[in-house]
Structure formats: structure tokens, C-alpha cells
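A.B. asks: My structure is below; once you've seen it, I'll send some questions.
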Amino acid sequence: MDPYSAEGELINIHNHFHQGQYQEVVDFDTSALSSENALPARVLQLRARVALGQAEDVLDDVAGESEPELQAVGALAEQALGRSDAAVKTAEKLAAEAADNGTVQVLGGTVLQAAGKSEEALALLSQHQGNLEAVALIVQIHLQQNRNDLAIKEVAAARRWAQDSLLVNLAESWVGLRLGGDKYQQAFYVFEELAQAPATSSVRTLVSQAVAELHLGRTEEAQAALEEALKKEPKFADAIADLLVLSVVTGKDPKELTSNLEKVDPQHPFLTDLAEKSELFDKAATKYKAKVAA
């Protein structure tokens, strides 16, 4: 039996992880799991600890381990700590030695994509055999590449064999937010259901709901969801970034939120992208001034 299926032993811990309920994953009682599912459950708990900012401790926990799954967790922790070169070296080594391992595919693909090695990541992920996490990551990479057509194709193929799984619904919703139109509303329904149900709500599902609300032009609802997220986790960078965008959209002064984001996560993609665009604007403005002066 597939341990991640509706009847499988790992369905609950797996769903907690992908709903962003990382503390629930860490606290999950794994004592009753069968021996073959002990390692996959441990990997999920270690990944949750990395997501909670405990990457250094996770590295200590997996130091010296021989299983490729745990070495892949180590690479993920290295990447989370900003040690990209070491993380990529481990990921590439595992890709050469254990490319058929599902955890290596997903965590190695994550590390490689974070390092800008999209084609290497896709080559590793493409070797999966019915791995929905690999499918979800492939969809994310295609969306980052602005290849909506490939993302749509990937989701459609997965829908045929995975039916109504959480990851397929999430991947389809990510694509919907990119496509727009009536897809915004469909994505909203998925995120709202997750965000508002006590059993599935998390900071991340609330932020996802807020993004869908914003795309639908419902700024007040988006703000309410983001404020609720920040009550749960005041230093959650993505919620601050989205609230910053919302403030600009609604004509409010974003300075305080910008300063807050800089303190919480100075390397946040929103800030780095803003800095790059500001630099490009300054260069263009300089050229324009030179022509006017002439």
C-alpha cells in the first residue's frame, strides 16, 4: 500500500507538512508506524525542523549518516543556512549515486533549483516514479521559468493518476494563480478551505488565501488573512512581503513594512528583486539625463 494514500500510515504527517503545519509534523507520534515507514517519517520531521529554522541542529542530527535520504536532508539544511556550494556538491553526488531515490529527487531538486541549476533539478526530478512531491516541484520550476504550458501539462498528467490528492490540488492552484481569469476563484476555494479549517490552517495557508484574495481584488479580505497570519507568526517574512505589496496597491505608505521585512529577512526575494529593479531604473535614468543635458 502507498503510505501516502488515504489509507496509508503517513497520510496525516505528510498532509501536515504540505499544509505548512511544521510543528505538528515535529510533534507527530511515530511510535506506532511500521518499520518501513520510520525513515520517511523521520525525513519529514527533519525537513519540518529545517523549515522552522533549526537547520543547524538538523545538520548535527544527520552527521555521519549513510542513508541517501538523510544525506539529502543534510544538503537541504546546508542550503537553508546559506552554504550553497556544500549543499550543491552533496546534491550532485547523490544525484549521480541514487537518482532513483524519491527523497534524493525532491530534496536534491530543491537544492539545485535554489542554486539556479534548474535544468539539473528537472533532470533529477524527471526520473520519479509516481512521486507527487517531485511533480509539485517540477510545476514550481516551470512556473518560475514562465513555462505555463509545461506546468499545465504536468498537473494534467498527475491528475489522471493521483486524482484528488492535496499536492495535486495545490499544484493546480499555483498554476491557476498564474493563468488568472476564473482560475483565480478556483485557487481561492482550495486555499480558503485549507486556511479556515482548524485541522489544516497554518500561516502558509492563510498567506496563500490572501494572495488569491488579492488577485480577485478583495483587498480587505486579503489584509485580514495576512494580519491573522502575522498574529500566528509575527516574523513570517512572506506575510510581511505580501502585506507590503498590499499597502502599495491600496495607496498606503510601505516604509514601515519595508523596514520590518529588512530586519526579518534582508535577503528575501522581494527585497532582492526590488533592489535589482531600482538599480536598473537608476541606470536608465542616468542615460535619459545625459540625453537631456546634451
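Residue numbering restarts at 1 in every chain; chains get A, B, ... in the order shown in the C-alpha cells, and ligands count up from 1 in that same order.
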Could you name the residues that touch Asn148 of chain A at 8 Å or less, counting only C-alpha atoms, but leaving out those on the same chain fewer than 2 positions away, as a PyMOL selection string?

C.D. replies: chain A and resi 142-143+146+150-152+175+178-179

A.B. asks: Can you build me a table of segment 173-271 of chain A residues sitting at most 12 Å from segment 158-169 of chain A, with the closest atom pair per residue and its distance in Å to one decimal, using only C-alpha atoms, sorted by chain and residue number, as JSON lines?

C.D. replies:
{"residue": "A:Ser173", "atom": "CA", "partner": "A:Asn169", "partner_atom": "CA", "distance": 6.2}
{"residue": "A:Trp174", "atom": "CA", "partner": "A:Asn169", "partner_atom": "CA", "distance": 8.8}
{"residue": "A:Val175", "atom": "CA", "partner": "A:Asn169", "partner_atom": "CA", "distance": 10.0}
{"residue": "A:Gly176", "atom": "CA", "partner": "A:Asn169", "partner_atom": "CA", "distance": 10.3}
{"residue": "A:Gln186", "atom": "CA", "partner": "A:Asn169", "partner_atom": "CA", "distance": 10.0}
{"residue": "A:Ala187", "atom": "CA", "partner": "A:Asn169", "partner_atom": "CA", "distance": 8.6}
{"residue": "A:Phe188", "atom": "CA", "partner": "A:Asn169", "partner_atom": "CA", "distance": 11.3}
{"residue": "A:Tyr189", "atom": "CA", "partner": "A:Asn169", "partner_atom": "CA", "distance": 10.4}
{"residue": "A:Val190", "atom": "CA", "partner": "A:Asn169", "partner_atom": "CA", "distance": 7.2}
{"residue": "A:Phe191", "atom": "CA", "partner": "A:Asn169", "partner_atom": "CA", "distance": 9.5}
{"residue": "A:Glu193", "atom": "CA", "partner": "A:Asn169", "partner_atom": "CA", "distance": 11.5}
{"residue": "A:Leu194", "atom": "CA", "partner": "A:Leu166", "partner_atom": "CA", "distance": 9.9}
{"residue": "A:Thr200", "atom": "CA", "partner": "A:Leu166", "partner_atom": "CA", "distance": 11.1}

A.B. asks: Give me a file of those residues, with N, CA, C and O atoms, as a PDB file, in the first residue's frame.

C.D. replies:
ATOM      1  N   SER A 173      -3.655  24.816  -8.165  1.00  0.00           N
ATOM      2  CA  SER A 173      -3.961  26.168  -7.686  1.00  0.00           C
ATOM      3  C   SER A 173      -2.820  27.132  -7.988  1.00  0.00           C
ATOM      4  O   SER A 173      -3.053  28.291  -8.339  1.00  0.00           O
ATOM      5  N   TRP A 174      -1.576  26.683  -7.858  1.00  0.00           N
ATOM      6  CA  TRP A 174      -0.443  27.537  -8.222  1.00  0.00           C
ATOM      7  C   TRP A 174      -0.523  27.935  -9.692  1.00  0.00           C
ATOM      8  O   TRP A 174      -0.310  29.095 -10.046  1.00  0.00           O
ATOM      9  N   VAL A 175      -0.834  26.946 -10.519  1.00  0.00           N
ATOM     10  CA  VAL A 175      -0.970  27.221 -11.948  1.00  0.00           C
ATOM     11  C   VAL A 175      -2.132  28.180 -12.185  1.00  0.00           C
ATOM     12  O   VAL A 175      -2.041  29.112 -12.995  1.00  0.00           O
ATOM     13  N   GLY A 176      -3.240  27.979 -11.468  1.00  0.00           N
ATOM     14  CA  GLY A 176      -4.396  28.848 -11.614  1.00  0.00           C
ATOM     15  C   GLY A 176      -4.092  30.296 -11.294  1.00  0.00           C
ATOM     16  O   GLY A 176      -4.570  31.216 -11.982  1.00  0.00           O
ATOM     17  N   GLN A 186     -11.056  29.484  -8.506  1.00  0.00           N
ATOM     18  CA  GLN A 186     -10.849  28.073  -8.207  1.00  0.00           C
ATOM     19  C   GLN A 186      -9.703  27.883  -7.214  1.00  0.00           C
ATOM     20  O   GLN A 186      -9.792  27.077  -6.282  1.00  0.00           O
ATOM     21  N   ALA A 187      -8.617  28.645  -7.410  1.00  0.00           N
ATOM     22  CA  ALA A 187      -7.485  28.566  -6.482  1.00  0.00           C
ATOM     23  C   ALA A 187      -7.899  29.057  -5.101  1.00  0.00           C
ATOM     24  O   ALA A 187      -7.523  28.470  -4.079  1.00  0.00           O
ATOM     25  N   PHE A 188      -8.682  30.123  -5.078  1.00  0.00           N
ATOM     26  CA  PHE A 188      -9.146  30.667  -3.806  1.00  0.00           C
ATOM     27  C   PHE A 188      -9.907  29.626  -3.004  1.00  0.00           C
ATOM     28  O   PHE A 188      -9.711  29.487  -1.788  1.00  0.00           O
ATOM     29  N   TYR A 189     -10.782  28.868  -3.637  1.00  0.00           N
ATOM     30  CA  TYR A 189     -11.574  27.861  -2.926  1.00  0.00           C
ATOM     31  C   TYR A 189     -10.666  26.840  -2.232  1.00  0.00           C
ATOM     32  O   TYR A 189     -10.928  26.423  -1.092  1.00  0.00           O
ATOM     33  N   VAL A 190      -9.595  26.430  -2.930  1.00  0.00           N
ATOM     34  CA  VAL A 190      -8.671  25.450  -2.356  1.00  0.00           C
ATOM     35  C   VAL A 190      -7.967  26.033  -1.138  1.00  0.00           C
ATOM     36  O   VAL A 190      -7.931  25.425  -0.054  1.00  0.00           O
ATOM     37  N   PHE A 191      -7.401  27.249  -1.298  1.00  0.00           N
ATOM     38  CA  PHE A 191      -6.641  27.856  -0.216  1.00  0.00           C
ATOM     39  C   PHE A 191      -7.526  28.246   0.964  1.00  0.00           C
ATOM     40  O   PHE A 191      -7.135  28.104   2.121  1.00  0.00           O
ATOM     41  N   GLU A 193     -10.329  26.817   1.936  1.00  0.00           N
ATOM     42  CA  GLU A 193     -10.715  25.614   2.669  1.00  0.00           C
ATOM     43  C   GLU A 193      -9.612  25.171   3.614  1.00  0.00           C
ATOM     44  O   GLU A 193      -9.860  24.799   4.769  1.00  0.00           O
ATOM     45  N   LEU A 194      -8.370  25.233   3.139  1.00  0.00           N
ATOM     46  CA  LEU A 194      -7.241  24.846   3.977  1.00  0.00           C
ATOM     47  C   LEU A 194      -7.006  25.853   5.099  1.00  0.00           C
ATOM     48  O   LEU A 194      -6.742  25.479   6.245  1.00  0.00           O
ATOM     49  N   THR A 200      -6.461  22.147   9.276  1.00  0.00           N
ATOM     50  CA  THR A 200      -5.499  22.367   8.190  1.00  0.00           C
ATOM     51  C   THR A 200      -4.925  23.782   8.161  1.00  0.00           C
ATOM     52  O   THR A 200      -4.035  24.068   7.361  1.00  0.00           O
TER      53      THR A 200
END

A.B. asks: List every residue of segment 23-86 of chain A that DSSP, applied to the backbone, labels as alpha helix (DSSP H), and write the result as a VMD selection string.

C.D. replies: chain A and resid 23 to 27 35 to 51 55 to 62 68 to 80 84 to 86

A.B. asks: Could you dump the residues just selected with C-alpha atoms as an mmCIF file, in the first residue's frame?

C.D. replies:
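Below you can see result_27.cif, which holds the result:
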data_model
loop_
_atom_site.group_PDB
_atom_site.id
_atom_site.type_symbol
_atom_site.label_atom_id
_atom_site.label_comp_id
_atom_site.auth_asym_id
_atom_site.auth_seq_id
_atom_site.Cartn_x
_atom_site.Cartn_y
_atom_site.Cartn_z
ATOM 1 C CA GLN A 23 5.243 21.967 14.442
ATOM 2 C CA GLU A 24 2.523 19.336 14.105
ATOM 3 C CA VAL A 25 4.933 17.316 11.963
ATOM 4 C CA VAL A 26 7.701 17.596 14.564
ATOM 5 C CA ASP A 27 5.320 16.600 17.352
ATOM 6 C CA SER A 35 9.455 -0.226 10.335
ATOM 7 C CA GLU A 36 9.438 0.578 6.600
ATOM 8 C CA ASN A 37 7.802 3.942 7.261
ATOM 9 C CA ALA A 38 10.070 5.013 10.116
ATOM 10 C CA LEU A 39 12.700 6.590 7.853
ATOM 11 C CA PRO A 40 10.234 8.523 5.617
ATOM 12 C CA ALA A 41 8.556 9.888 8.770
ATOM 13 C CA ARG A 42 11.919 10.903 10.226
ATOM 14 C CA VAL A 43 12.790 12.680 6.976
ATOM 15 C CA LEU A 44 9.532 14.660 7.121
ATOM 16 C CA GLN A 45 10.205 15.648 10.715
ATOM 17 C CA LEU A 46 13.751 16.737 9.907
ATOM 18 C CA ARG A 47 12.508 18.772 6.948
ATOM 19 C CA ALA A 48 9.911 20.408 9.186
ATOM 20 C CA ARG A 49 12.643 21.368 11.640
ATOM 21 C CA VAL A 50 14.623 22.953 8.800
ATOM 22 C CA ALA A 51 11.505 24.937 7.853
ATOM 23 C CA ALA A 55 18.820 23.724 10.230
ATOM 24 C CA GLU A 56 21.986 23.746 12.345
ATOM 25 C CA ASP A 57 20.524 21.191 14.760
ATOM 26 C CA VAL A 58 19.313 19.060 11.859
ATOM 27 C CA LEU A 59 22.824 19.005 10.410
ATOM 28 C CA ASP A 60 24.130 17.703 13.715
ATOM 29 C CA ASP A 61 21.424 15.022 13.772
ATOM 30 C CA VAL A 62 22.272 13.633 10.330
ATOM 31 C CA PRO A 68 20.956 8.810 0.981
ATOM 32 C CA GLU A 69 17.677 10.196 2.359
ATOM 33 C CA LEU A 70 19.428 11.620 5.419
ATOM 34 C CA GLN A 71 22.354 12.910 3.377
ATOM 35 C CA ALA A 72 19.804 14.719 1.211
ATOM 36 C CA VAL A 73 18.300 16.265 4.346
ATOM 37 C CA GLY A 74 21.789 17.428 5.240
ATOM 38 C CA ALA A 75 22.107 19.141 1.858
ATOM 39 C CA LEU A 76 18.753 20.839 2.415
ATOM 40 C CA ALA A 77 19.908 22.090 5.817
ATOM 41 C CA GLU A 78 23.166 23.385 4.315
ATOM 42 C CA GLN A 79 21.170 25.258 1.683
ATOM 43 C CA ALA A 80 18.905 26.752 4.365
ATOM 44 C CA SER A 84 25.039 26.737 -1.212
ATOM 45 C CA ASP A 85 28.311 25.302 -2.530
ATOM 46 C CA ALA A 86 28.378 22.495 0.037
#

A.B. asks: Neighbours of segment 250-257 of chain A within 10 Å (only C-alpha atoms; same-chain residues fewer than 5 positions away dropped), as a list of chain:residue names?

C.D. replies: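 Here the qualifying residues turn out to be A:Thr219, A:Glu220, A:Ile240, A:Ala241, A:Asp242, A:Leu243, A:Leu244, A:Val245, A:Glu262, A:Lys263.
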
A.B. asks: Could you give me, as a short mmCIF file (atom, residue, chain, number, x, y, z; two decimals) with N, CA, C and O atoms, in the first residue's frame, the residues within 9 Å of segment 231-235 of chain A, counting only C-alpha atoms and dropping anything in the same chain fewer than 2 positions from it?

C.D. replies:
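Resulting contents of part19.cif:
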data_model
loop_
_atom_site.label_atom_id
_atom_site.label_comp_id
_atom_site.auth_asym_id
_atom_site.auth_seq_id
_atom_site.Cartn_x
_atom_site.Cartn_y
_atom_site.Cartn_z
N SER A 202 -2.82 27.12 8.74
CA SER A 202 -1.45 27.44 9.12
C SER A 202 -1.13 28.82 8.58
O SER A 202 -1.90 29.41 7.81
N VAL A 203 -0.01 29.36 8.98
CA VAL A 203 0.42 30.66 8.46
C VAL A 203 0.51 30.62 6.94
O VAL A 203 0.09 31.55 6.25
N LEU A 226 -3.79 38.18 6.01
CA LEU A 226 -2.38 38.42 6.30
C LEU A 226 -2.17 38.85 7.75
O LEU A 226 -1.20 38.42 8.40
N GLU A 227 -3.07 39.66 8.26
CA GLU A 227 -2.96 40.06 9.67
C GLU A 227 -3.15 38.87 10.60
O GLU A 227 -2.48 38.76 11.63
N GLU A 228 -4.05 37.97 10.23
CA GLU A 228 -4.24 36.76 11.02
C GLU A 228 -2.99 35.90 10.99
O GLU A 228 -2.58 35.31 12.01
N ALA A 229 -2.37 35.82 9.80
CA ALA A 229 -1.12 35.05 9.68
C ALA A 229 -0.03 35.64 10.57
O ALA A 229 0.70 34.90 11.26
N ALA A 237 8.21 36.11 7.02
CA ALA A 237 8.65 37.08 6.01
C ALA A 237 7.69 37.19 4.83
O ALA A 237 7.43 38.29 4.33
N ASP A 238 7.16 36.06 4.35
CA ASP A 238 6.28 36.11 3.18
C ASP A 238 5.00 36.88 3.48
O ASP A 238 4.47 37.59 2.61
N ALA A 239 4.49 36.76 4.70
CA ALA A 239 3.29 37.51 5.07
C ALA A 239 3.58 39.01 5.11
O ALA A 239 2.78 39.83 4.65
N ILE A 240 4.75 39.37 5.64
CA ILE A 240 5.14 40.78 5.67
C ILE A 240 5.30 41.31 4.25
O ILE A 240 4.84 42.41 3.92
N ASN A 260 10.52 46.56 8.29
CA ASN A 260 10.28 45.34 9.05
C ASN A 260 10.79 44.12 8.31
O ASN A 260 11.45 43.23 8.88
N LEU A 261 10.52 44.06 7.00
CA LEU A 261 10.98 42.93 6.19
C LEU A 261 12.50 42.89 6.13
O LEU A 261 13.11 41.81 6.17
N VAL A 264 13.64 41.30 9.34
CA VAL A 264 13.30 39.88 9.48
C VAL A 264 14.06 39.02 8.49
O VAL A 264 14.58 37.94 8.84
N ASP A 265 14.15 39.46 7.24
CA ASP A 265 14.79 38.65 6.20
C ASP A 265 15.39 39.58 5.14
O ASP A 265 14.78 39.84 4.10
#

A.B. asks: Check the smallest atom-to-atom distance from each of A:Gln127, A:Thr272, A:Glu213, A:Thr30 to Ala95 of chain A using only C-alpha atoms, then report the winner.

C.D. replies: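 That would be A:Gln127, the residue with the smallest distance to Ala95 of chain A.
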